[in-house]
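Peer 1: Below is work02.csv; it holds CSV, C-alpha atoms.
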chain,number,residue,atom,x,y,z
N,1,MET,CA,45.1,42.7,63.6
N,2,LYS,CA,46.6,39.5,62.3
N,3,LYS,CA,45.7,36.5,64.5
N,4,VAL,CA,48.4,34.2,65.9
N,5,ARG,CA,48.0,30.8,64.3
N,6,ILE,CA,48.1,27.6,66.4
N,7,ILE,CA,48.1,24.5,64.2
N,8,THR,CA,47.6,21.0,65.3
N,9,HIS,CA,46.5,17.8,63.5
N,10,SER,CA,43.0,17.1,62.3
N,11,GLY,CA,41.1,13.9,63.0
N,12,ASN,CA,40.8,12.2,66.4
N,13,PHE,CA,42.2,14.2,69.3
N,14,HIS,CA,44.0,13.3,72.5
N,15,PRO,CA,44.9,14.9,75.8
N,16,ASP,CA,48.4,15.5,74.6
N,17,GLU,CA,47.7,18.1,71.9
N,18,LEU,CA,44.6,19.5,73.7
N,19,PHE,CA,46.6,20.4,76.8
N,20,ALA,CA,49.5,21.6,74.6
N,21,VAL,CA,47.1,24.0,72.8
N,22,ALA,CA,45.6,25.0,76.2
N,23,THR,CA,49.1,25.9,77.5
N,24,LEU,CA,49.6,28.1,74.4
N,25,LEU,CA,46.2,29.8,75.0
N,26,LEU,CA,47.2,30.7,78.6
N,27,HIS,CA,50.5,32.0,77.3
N,28,LEU,CA,48.9,34.1,74.7
N,29,ASP,CA,46.3,35.4,77.1
N,30,LEU,CA,49.2,37.0,79.1
N,31,SER,CA,49.9,39.3,76.2
N,32,ASN,CA,46.2,39.6,75.0
N,33,ASP,CA,47.2,38.2,71.6
N,34,LYS,CA,44.4,37.2,69.3
N,35,TYR,CA,44.6,33.7,68.0
N,36,GLU,CA,43.0,31.1,65.8
N,37,ILE,CA,43.2,27.3,66.1
N,38,ILE,CA,43.5,25.3,62.9
N,39,ARG,CA,43.4,21.6,62.7
N,40,SER,CA,45.0,20.2,59.5
N,41,ARG,CA,47.5,17.7,58.1
N,42,ASP,CA,48.2,19.8,55.0
N,43,PRO,CA,51.9,20.6,54.9
N,44,GLU,CA,51.3,24.0,53.3
N,45,ILE,CA,48.9,25.0,56.0
N,46,ILE,CA,51.2,23.6,58.7
N,47,ASN,CA,54.0,25.8,57.4
N,48,THR,CA,51.9,29.0,58.0
N,49,GLY,CA,51.6,28.3,61.8
N,50,ASP,CA,53.1,30.6,64.4
N,51,TYR,CA,52.8,27.6,66.7
N,52,VAL,CA,52.8,24.0,65.4
N,53,VAL,CA,51.8,21.3,67.9
N,54,ASP,CA,51.9,17.5,67.6
N,55,ILE,CA,52.2,17.6,63.8
N,56,GLY,CA,54.9,18.6,61.2
N,57,GLY,CA,57.7,16.3,62.2
N,58,VAL,CA,59.8,19.1,63.7
N,59,LEU,CA,60.9,19.9,67.2
N,60,ASP,CA,62.3,23.4,67.4
N,61,PRO,CA,61.1,25.3,70.5
N,62,GLU,CA,62.8,28.5,69.3
N,63,SER,CA,60.5,28.6,66.3
N,64,ASN,CA,57.6,27.2,68.3
N,65,LYS,CA,57.4,23.8,66.6
N,66,PHE,CA,56.5,21.0,69.1
N,67,ASP,CA,56.3,17.6,67.5
N,68,HIS,CA,57.5,14.3,69.0
N,69,HIS,CA,56.6,11.9,66.2
N,70,GLN,CA,59.8,12.3,64.1
N,71,LYS,CA,62.8,10.0,64.3
N,72,GLY,CA,64.4,10.4,67.7
N,73,GLY,CA,61.1,11.7,69.3
N,74,GLY,CA,61.0,14.6,71.7
N,75,GLY,CA,63.6,13.4,74.2
N,76,ALA,CA,62.9,12.3,77.7
N,77,ARG,CA,63.0,13.6,81.3
N,78,PRO,CA,65.8,12.5,83.7
N,79,ASN,CA,63.4,9.9,85.1
N,80,GLY,CA,62.9,8.4,81.7
N,81,VAL,CA,59.4,9.6,81.0
N,82,PRO,CA,59.4,10.7,77.3
N,83,TYR,CA,58.1,14.1,76.2
N,84,ALA,CA,55.0,14.4,74.0
N,85,SER,CA,53.8,17.8,72.7
N,86,PHE,CA,52.2,18.8,76.0
N,87,GLY,CA,55.4,18.4,77.9
N,88,LEU,CA,57.5,20.0,75.2
N,89,VAL,CA,55.2,23.1,75.2
N,90,TRP,CA,55.2,23.2,79.0
N,91,LYS,CA,59.0,22.9,79.1
N,92,LYS,CA,59.2,26.3,77.3
N,93,TYR,CA,56.2,28.1,78.8
N,94,GLY,CA,55.4,26.4,82.1
N,95,ALA,CA,57.6,28.5,84.4
N,96,GLU,CA,56.2,31.6,82.9
N,97,LEU,CA,52.6,30.5,83.5
N,98,CYS,CA,53.4,29.3,87.1
N,99,SER,CA,55.7,32.3,88.0
N,100,SER,CA,58.3,29.8,89.1
N,101,GLN,CA,60.1,26.7,87.8
N,102,GLU,CA,59.3,24.9,91.1
N,103,ALA,CA,55.6,25.3,90.5
N,104,ALA,CA,56.0,24.3,86.9
N,105,ASP,CA,57.8,21.1,87.9
N,106,ARG,CA,55.0,20.2,90.3
N,107,VAL,CA,52.4,20.5,87.5
N,108,ASP,CA,54.6,18.5,85.3
N,109,GLU,CA,54.9,15.8,87.9
N,110,LYS,CA,51.3,15.7,88.9
N,111,LEU,CA,49.6,16.1,85.5
N,112,ILE,CA,51.8,16.3,82.4
N,113,GLN,CA,54.1,13.2,82.8
N,114,ALA,CA,51.2,10.8,82.9
N,115,ILE,CA,49.7,12.3,79.7
N,116,ASP,CA,53.0,12.4,77.9
N,117,ALA,CA,53.7,8.8,78.9
N,118,GLU,CA,50.4,7.5,77.7
N,119,ASP,CA,50.7,9.4,74.4
N,120,ASN,CA,54.1,7.7,73.8
N,121,GLY,CA,52.7,4.3,74.7
N,122,VAL,CA,54.6,4.1,78.0
N,123,GLN,CA,52.9,2.2,80.8
N,124,ILE,CA,53.4,3.9,84.2
N,125,VAL,CA,50.7,2.0,86.2
N,126,GLU,CA,50.0,-1.7,86.5
N,127,SER,CA,46.5,-3.0,86.9
N,128,ILE,CA,45.8,-5.5,89.6
N,129,ASN,CA,42.7,-6.7,87.8
N,130,LYS,CA,42.9,-7.3,84.0
N,131,ASN,CA,39.2,-6.5,83.7
N,132,VAL,CA,39.4,-3.1,85.4
N,133,LYS,CA,41.3,-0.2,83.8
N,134,PRO,CA,41.7,3.3,85.2
N,135,TYR,CA,39.4,5.9,83.8
N,136,GLN,CA,42.0,8.4,82.6
N,137,PHE,CA,42.0,11.7,80.7
N,138,GLU,CA,42.4,9.8,77.5
N,139,THR,CA,39.2,7.9,78.2
N,140,ALA,CA,37.2,10.9,79.2
N,141,ILE,CA,38.4,13.1,76.3
N,142,SER,CA,37.9,10.4,73.7
N,143,SER,CA,34.2,10.1,74.8
N,144,PHE,CA,33.7,13.5,73.0
N,145,ILE,CA,34.8,12.1,69.7
N,146,PRO,CA,31.7,11.5,67.5
N,147,THR,CA,30.9,7.8,67.1
N,148,TRP,CA,30.2,6.0,63.8
N,149,LYS,CA,26.5,6.9,64.2
N,150,GLU,CA,27.3,10.6,64.7
N,151,LYS,CA,28.7,11.4,61.3
N,152,ASP,CA,26.7,14.6,61.2
N,153,LYS,CA,28.7,16.0,64.2
N,154,SER,CA,31.8,18.0,63.7
N,155,ILE,CA,35.0,16.6,65.2
N,156,ASP,CA,36.6,20.0,65.1
N,157,MET,CA,33.7,21.5,67.1
N,158,ALA,CA,34.1,18.6,69.6
N,159,PHE,CA,37.8,19.5,69.9
N,160,LEU,CA,37.0,23.1,70.7
N,161,LYS,CA,34.4,22.1,73.2
N,162,VAL,CA,36.8,19.8,75.1
N,163,LEU,CA,39.5,22.5,74.9
N,164,VAL,CA,37.5,24.8,77.1
N,165,LEU,CA,37.4,22.1,79.8
N,166,VAL,CA,41.1,21.2,79.4
N,167,GLU,CA,42.2,24.8,79.7
N,168,GLU,CA,40.2,25.2,82.9
N,169,VAL,CA,41.7,22.0,84.4
N,170,LEU,CA,45.2,23.3,83.5
N,171,ALA,CA,44.5,26.7,85.0
N,172,ARG,CA,43.3,25.1,88.2
N,173,GLU,CA,46.4,22.9,88.5
N,174,ILE,CA,48.6,26.0,88.0
N,175,THR,CA,46.8,27.8,90.8
N,176,ARG,CA,47.0,24.7,93.1
N,177,ALA,CA,50.7,24.4,92.4
N,178,LYS,CA,51.3,28.0,93.3
N,179,HIS,CA,49.2,27.8,96.4
N,180,PHE,CA,50.9,24.5,97.5
N,181,LEU,CA,54.3,26.2,97.4
N,182,GLU,CA,52.9,29.3,99.3
N,183,GLY,CA,51.5,27.0,102.0
N,184,LYS,CA,54.6,24.8,102.2
N,185,SER,CA,56.4,27.2,104.6
N,186,HIS,CA,53.5,27.1,107.0
N,187,VAL,CA,53.5,23.2,107.0
N,188,LEU,CA,57.2,23.2,107.6
N,189,GLU,CA,56.8,25.6,110.4
N,190,ALA,CA,54.1,23.5,112.0
N,191,TYR,CA,56.5,20.5,111.8
N,192,LYS,CA,59.3,22.5,113.3
N,193,GLU,CA,57.2,23.9,116.2
N,194,ALA,CA,55.6,20.5,117.0
N,195,PRO,CA,56.7,19.4,120.5
N,196,ASP,CA,56.0,15.8,119.5
N,197,LYS,CA,56.9,15.3,115.9
N,198,ARG,CA,54.6,12.2,115.7
N,199,MET,CA,51.6,14.6,115.8
N,200,ILE,CA,51.6,17.8,113.7
N,201,VAL,CA,48.9,20.4,114.0
N,202,ILE,CA,47.8,22.2,110.8
N,203,LYS,CA,45.4,25.1,111.2
N,204,ASP,CA,44.4,25.8,107.6
N,205,ALA,CA,43.7,23.9,104.4
N,206,TYR,CA,47.4,23.6,103.5
N,207,ALA,CA,48.3,20.7,101.2
N,208,TRP,CA,50.4,18.8,103.8
N,209,LYS,CA,50.4,15.2,102.5
N,210,ASP,CA,53.3,15.5,100.0
N,211,ILE,CA,55.3,17.4,102.6
N,212,LEU,CA,55.0,15.7,106.0
N,213,ASN,CA,55.5,12.2,104.6
N,214,THR,CA,59.0,13.3,103.6
N,215,PHE,CA,59.9,13.3,107.4
N,216,PRO,CA,60.3,10.0,109.3
N,217,GLU,CA,58.5,10.9,112.6
N,218,PRO,CA,54.9,12.1,111.8
N,219,LEU,CA,52.2,9.5,112.3
N,220,TYR,CA,49.1,11.8,112.5
N,221,VAL,CA,48.0,15.3,111.4
N,222,VAL,CA,45.5,17.1,113.5
N,223,ALA,CA,43.9,19.6,111.1
N,224,ASN,CA,41.2,22.1,110.6
N,225,ASP,CA,40.6,23.5,107.1
N,226,GLY,CA,39.1,26.8,108.2
N,227,ARG,CA,35.8,26.0,106.5
N,228,ARG,CA,34.0,24.0,109.3
N,229,PRO,CA,34.3,23.7,113.1
N,230,GLU,CA,35.2,20.0,113.2
N,231,TRP,CA,38.8,18.8,113.4
N,232,ALA,CA,40.2,15.9,111.5
N,233,VAL,CA,42.9,13.5,112.6
N,234,ALA,CA,44.5,11.9,109.5
N,235,GLY,CA,47.1,9.2,109.4
N,236,ILE,CA,50.3,10.0,107.4
N,237,ARG,CA,50.7,7.9,104.3
N,238,GLU,CA,53.9,6.4,103.1
N,239,GLU,CA,55.9,8.3,100.4
N,240,GLY,CA,54.8,8.5,96.8
N,241,VAL,CA,51.3,7.4,95.7
N,242,SER,CA,51.0,4.6,98.3
N,243,PHE,CA,47.8,4.4,100.2
N,244,LYS,CA,49.6,2.6,103.0
N,245,THR,CA,49.2,4.5,106.3
N,246,ARG,CA,52.1,4.6,108.7
N,247,LYS,CA,49.9,3.8,111.7
N,248,LEU,CA,46.2,3.0,111.6
N,249,PHE,CA,43.8,4.0,114.4
N,250,PRO,CA,42.9,1.1,116.8
N,251,GLU,CA,40.9,-1.7,115.2
N,252,SER,CA,38.1,-1.2,117.8
N,253,TRP,CA,37.5,2.4,116.4
N,254,GLY,CA,36.9,1.4,112.8
N,255,GLY,CA,33.4,2.4,111.5
N,256,LYS,CA,32.3,3.7,114.9
N,257,ARG,CA,30.6,7.1,115.3
N,258,ASP,CA,29.1,9.5,117.9
N,259,ALA,CA,28.2,7.9,121.2
N,260,GLU,CA,29.6,4.5,120.2
N,261,LEU,CA,33.0,6.1,119.3
N,262,GLU,CA,33.0,8.2,122.4
N,263,LYS,CA,32.5,5.1,124.5
N,264,VAL,CA,35.2,3.0,122.8
N,265,THR,CA,37.8,5.8,122.8
N,266,GLY,CA,36.8,7.5,126.1
N,267,VAL,CA,37.0,10.9,124.3
N,268,LYS,CA,34.0,13.2,124.5
N,269,GLY,CA,33.5,14.9,121.1
N,270,ALA,CA,34.7,12.0,119.0
N,271,ILE,CA,32.4,12.0,115.9
N,272,PHE,CA,33.5,9.4,113.4
N,273,CYS,CA,36.3,6.9,112.6
N,274,HIS,CA,36.6,5.8,109.0
N,275,ASN,CA,36.2,2.1,108.5
N,276,GLY,CA,39.7,2.1,106.9
N,277,ARG,CA,41.0,3.5,110.2
N,278,HIS,CA,43.1,6.2,108.5
N,279,LEU,CA,40.8,9.2,109.5
N,280,VAL,CA,39.0,10.4,112.6
N,281,ILE,CA,36.7,13.4,112.9
N,282,ALA,CA,36.2,15.2,116.2
N,283,LYS,CA,34.0,18.0,117.5
N,284,ASP,CA,36.9,20.3,118.5
N,285,PHE,CA,40.7,20.6,118.8
N,286,GLU,CA,40.8,19.2,122.3
N,287,ALA,CA,39.0,16.0,121.3
N,288,ALA,CA,41.1,15.6,118.2
N,289,THR,CA,44.4,15.9,120.0
N,290,LYS,CA,43.3,13.4,122.6
N,291,LEU,CA,42.3,10.9,119.9
N,292,ALA,CA,45.7,11.4,118.2
N,293,GLN,CA,47.6,10.9,121.5
N,294,ILE,CA,45.7,7.7,122.3
N,295,ALA,CA,46.4,6.4,118.8
N,296,ILE,CA,50.1,7.2,119.1
N,297,GLY,CA,50.4,5.4,122.4
N,298,ASP,CA,48.2,2.5,121.4
Show how you would write the structure in this file as structure tokens.
Peer 2:
Amino acid sequence: MKKVRIITHSGNFHPDELFAVATLLLHLDLSNDKYEIIRSRDPEIINTGDYVVDIGGVLDPESNKFDHHQKGGGGARPNGVPYASFGLVWKKYGAELCSSQEAADRVDEKLIQAIDAEDNGVQIVESINKNVKPYQFETAISSFIPTWKEKDKSIDMAFLKVLVLVEEVLAREITRAKHFLEGKSHVLEAYKEAPDKRMIVIKDAYAWKDILNTFPEPLYVVANDGRRPEWAVAGIREEGVSFKTRKLFPESWGGKRDAELEKVTGVKGAIFCHNGRHLVIAKDFEAATKLAQIAIGD
């Protein structure tokens, strides 16, 4: 049986083409197609590819050519984030892999846009300390590239080694996006049924953070993830990626635990309050709801 050829460029590798190739592998796995991955810059070899990623100077999704280095690039999303090869491949196959466009869009927003932006030289985060930079996928993946003292090591073998990791990360993000959307209805129902919209009770490990902060009223979530007996009371953060919490727990609670926290709160079963005052742990549901009610009225 002839193997499907996936071709990308040789030399140093980046998250962009690694994740693009990983997307194609997941796509081909659905049909059990056999494939081979070739890394080359030879035009004659590139022309033999069934899929050509991040090389070749052609963007033609119909013929599975996904480059963004040619004049005009690969276009951009409505929010202005330009496409690199990962986003271009995902644009064609993401909904298929996620079983819905909504889940595919969530993966694009959470993972792909940052990688595409970085590959296109677009800054999307601003450092508050010029001597401290975020340790991103680009940094982690480039650590696998052989250094000047490792000339005996194969860069192509390093690519394939990292590809295994990247494919697993992508598969997990797909699973998490699907499960997020499946759990979303339960979170919305909890909000709808809450007698006091400032305190929402969540009785499983649903991903509620990106849902409840879209409503104006919630201040705290009283939650149990179904994996341990303790209950958590978490402050709702502002929209987006902000770490700002709508209402912190009382200052006197910060950093306290066990008997000391029980004394300052007056709630038996209070276990721990984070020093940042955005999270409290309680022994049971009753203690957790009391702590939330006190904080709401504080």
Peer 1: Any idea what's packed within 9 Å of segment 248-252 of chain N, counting all atoms listed in the file, ignoring anything in its chain fewer than 4 positions away? Could you give it as an mmCIF file with C-alpha atoms, keeping the file's coordinate frame?
Peer 2:
data_model
loop_
_atom_site.group_PDB
_atom_site.id
_atom_site.type_symbol
_atom_site.label_atom_id
_atom_site.label_comp_id
_atom_site.auth_asym_id
_atom_site.auth_seq_id
_atom_site.Cartn_x
_atom_site.Cartn_y
_atom_site.Cartn_z
ATOM 1 C CA LEU N 219 52.200 9.500 112.300
ATOM 2 C CA GLY N 235 47.100 9.200 109.400
ATOM 3 C CA LYS N 256 32.300 3.700 114.900
ATOM 4 C CA VAL N 264 35.200 3.000 122.800
ATOM 5 C CA THR N 265 37.800 5.800 122.800
ATOM 6 C CA CYS N 273 36.300 6.900 112.600
ATOM 7 C CA GLY N 276 39.700 2.100 106.900
ATOM 8 C CA ARG N 277 41.000 3.500 110.200
ATOM 9 C CA HIS N 278 43.100 6.200 108.500
ATOM 10 C CA LEU N 279 40.800 9.200 109.500
ATOM 11 C CA VAL N 280 39.000 10.400 112.600
ATOM 12 C CA LEU N 291 42.300 10.900 119.900
ATOM 13 C CA ALA N 292 45.700 11.400 118.200
ATOM 14 C CA ILE N 294 45.700 7.700 122.300
ATOM 15 C CA ALA N 295 46.400 6.400 118.800
ATOM 16 C CA ILE N 296 50.100 7.200 119.100
ATOM 17 C CA ASP N 298 48.200 2.500 121.400
#
Peer 1: So how far away is atom CA of Asp54 of chain N from atom CA of Arg172 of chain N, in Å?
Peer 2: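 Going from atom CA of Arg172 of chain N over to atom CA of Asp54 of chain N covers 23.6 Å.
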Peer 1: List every protein, DNA or RNA residue with an atom no more than 7 Å from (46.8, 19.3, 63.3) in the file's coordinates, counting all atoms listed in the file, and format the result as number ranges by chain.
Peer 2: N: 7-10, 38-41, 54-55
Peer 1: Would you please work out which residue, of N:Phe19, N:Phe144, N:Tyr220, N:Trp208, is nearest to Val89 of chain N when using all atoms listed in the file?
Peer 2: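 Checking each of N:Phe19, N:Phe144, N:Tyr220, N:Trp208 against Val89 of chain N, counting all atoms listed in the file, the winner is N:Phe19.
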Peer 1: For Lys110 of chain N, which of N:Leu181, N:Ile174, N:Ala223, N:Leu188 is the closest residue, counting only C-alpha atoms?
Peer 2: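 Distance minimum relative to Lys110 of chain N lands on N:Ile174.
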Peer 1: Write out as a count of residues only the residues lying within 9 Å of His14 of chain N, counting all atoms listed in the file and excluding same-chain residues fewer than 4 positions away.
Peer 2: 7
Peer 1: From the list N:Ile155, N:Ala171, N:Val164, N:Ala177, which residue is nearest Asn12 of chain N when using only C-alpha atoms?
Peer 2: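 The closest residue to Asn12 of chain N is N:Ile155.
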Peer 1: Between atom CA of Ala287 of chain N and atom CA of Gly269 of chain N, what is the spacing in Å?
Peer 2: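 Distance reported for this atom pair: 5.6 Å.
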Peer 1: Please compute the atom CA of Lys263 of chain N-atom CA of Ala282 of chain N distance, one decimal, in Å.
Peer 2: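 Computing the Euclidean distance for atom CA of Lys263 of chain N and atom CA of Ala282 of chain N yields 13.6 Å.
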Peer 1: Pick the closest to Gly183 of chain N from N:Asp196, N:Glu17, N:Asp60, N:Asp204: which is it, counting all atoms listed in the file?
Peer 2: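 Once distances to Gly183 of chain N are computed over all atoms listed in the file, the minimum belongs to N:Asp204.
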Peer 1: Quick one: residues within 7 Å of Ala190 of chain N, only C-alpha atoms, excluding same-chain residues fewer than 6 positions away - as a list in words?
Peer 2: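 Neighbouring residues, sequence-local ones excluded: Ile200, Val201 and Ile202 of chain N.
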Peer 1: Using only C-alpha atoms for the distances, tell me which of N:Phe66, N:Asp16, N:Val58, N:Ile45 is nearest to Asp116 of chain N.
Peer 2: N:Asp16
Peer 1: May I have the residues within 12 Å of Asn213 of chain N as a ChimeraX atom specification, using all atoms listed in the file and disregarding those fewer than 6 positions away in the same chain?
Peer 2: /N:187-188,191,197-198,200,207,219-221,235-246
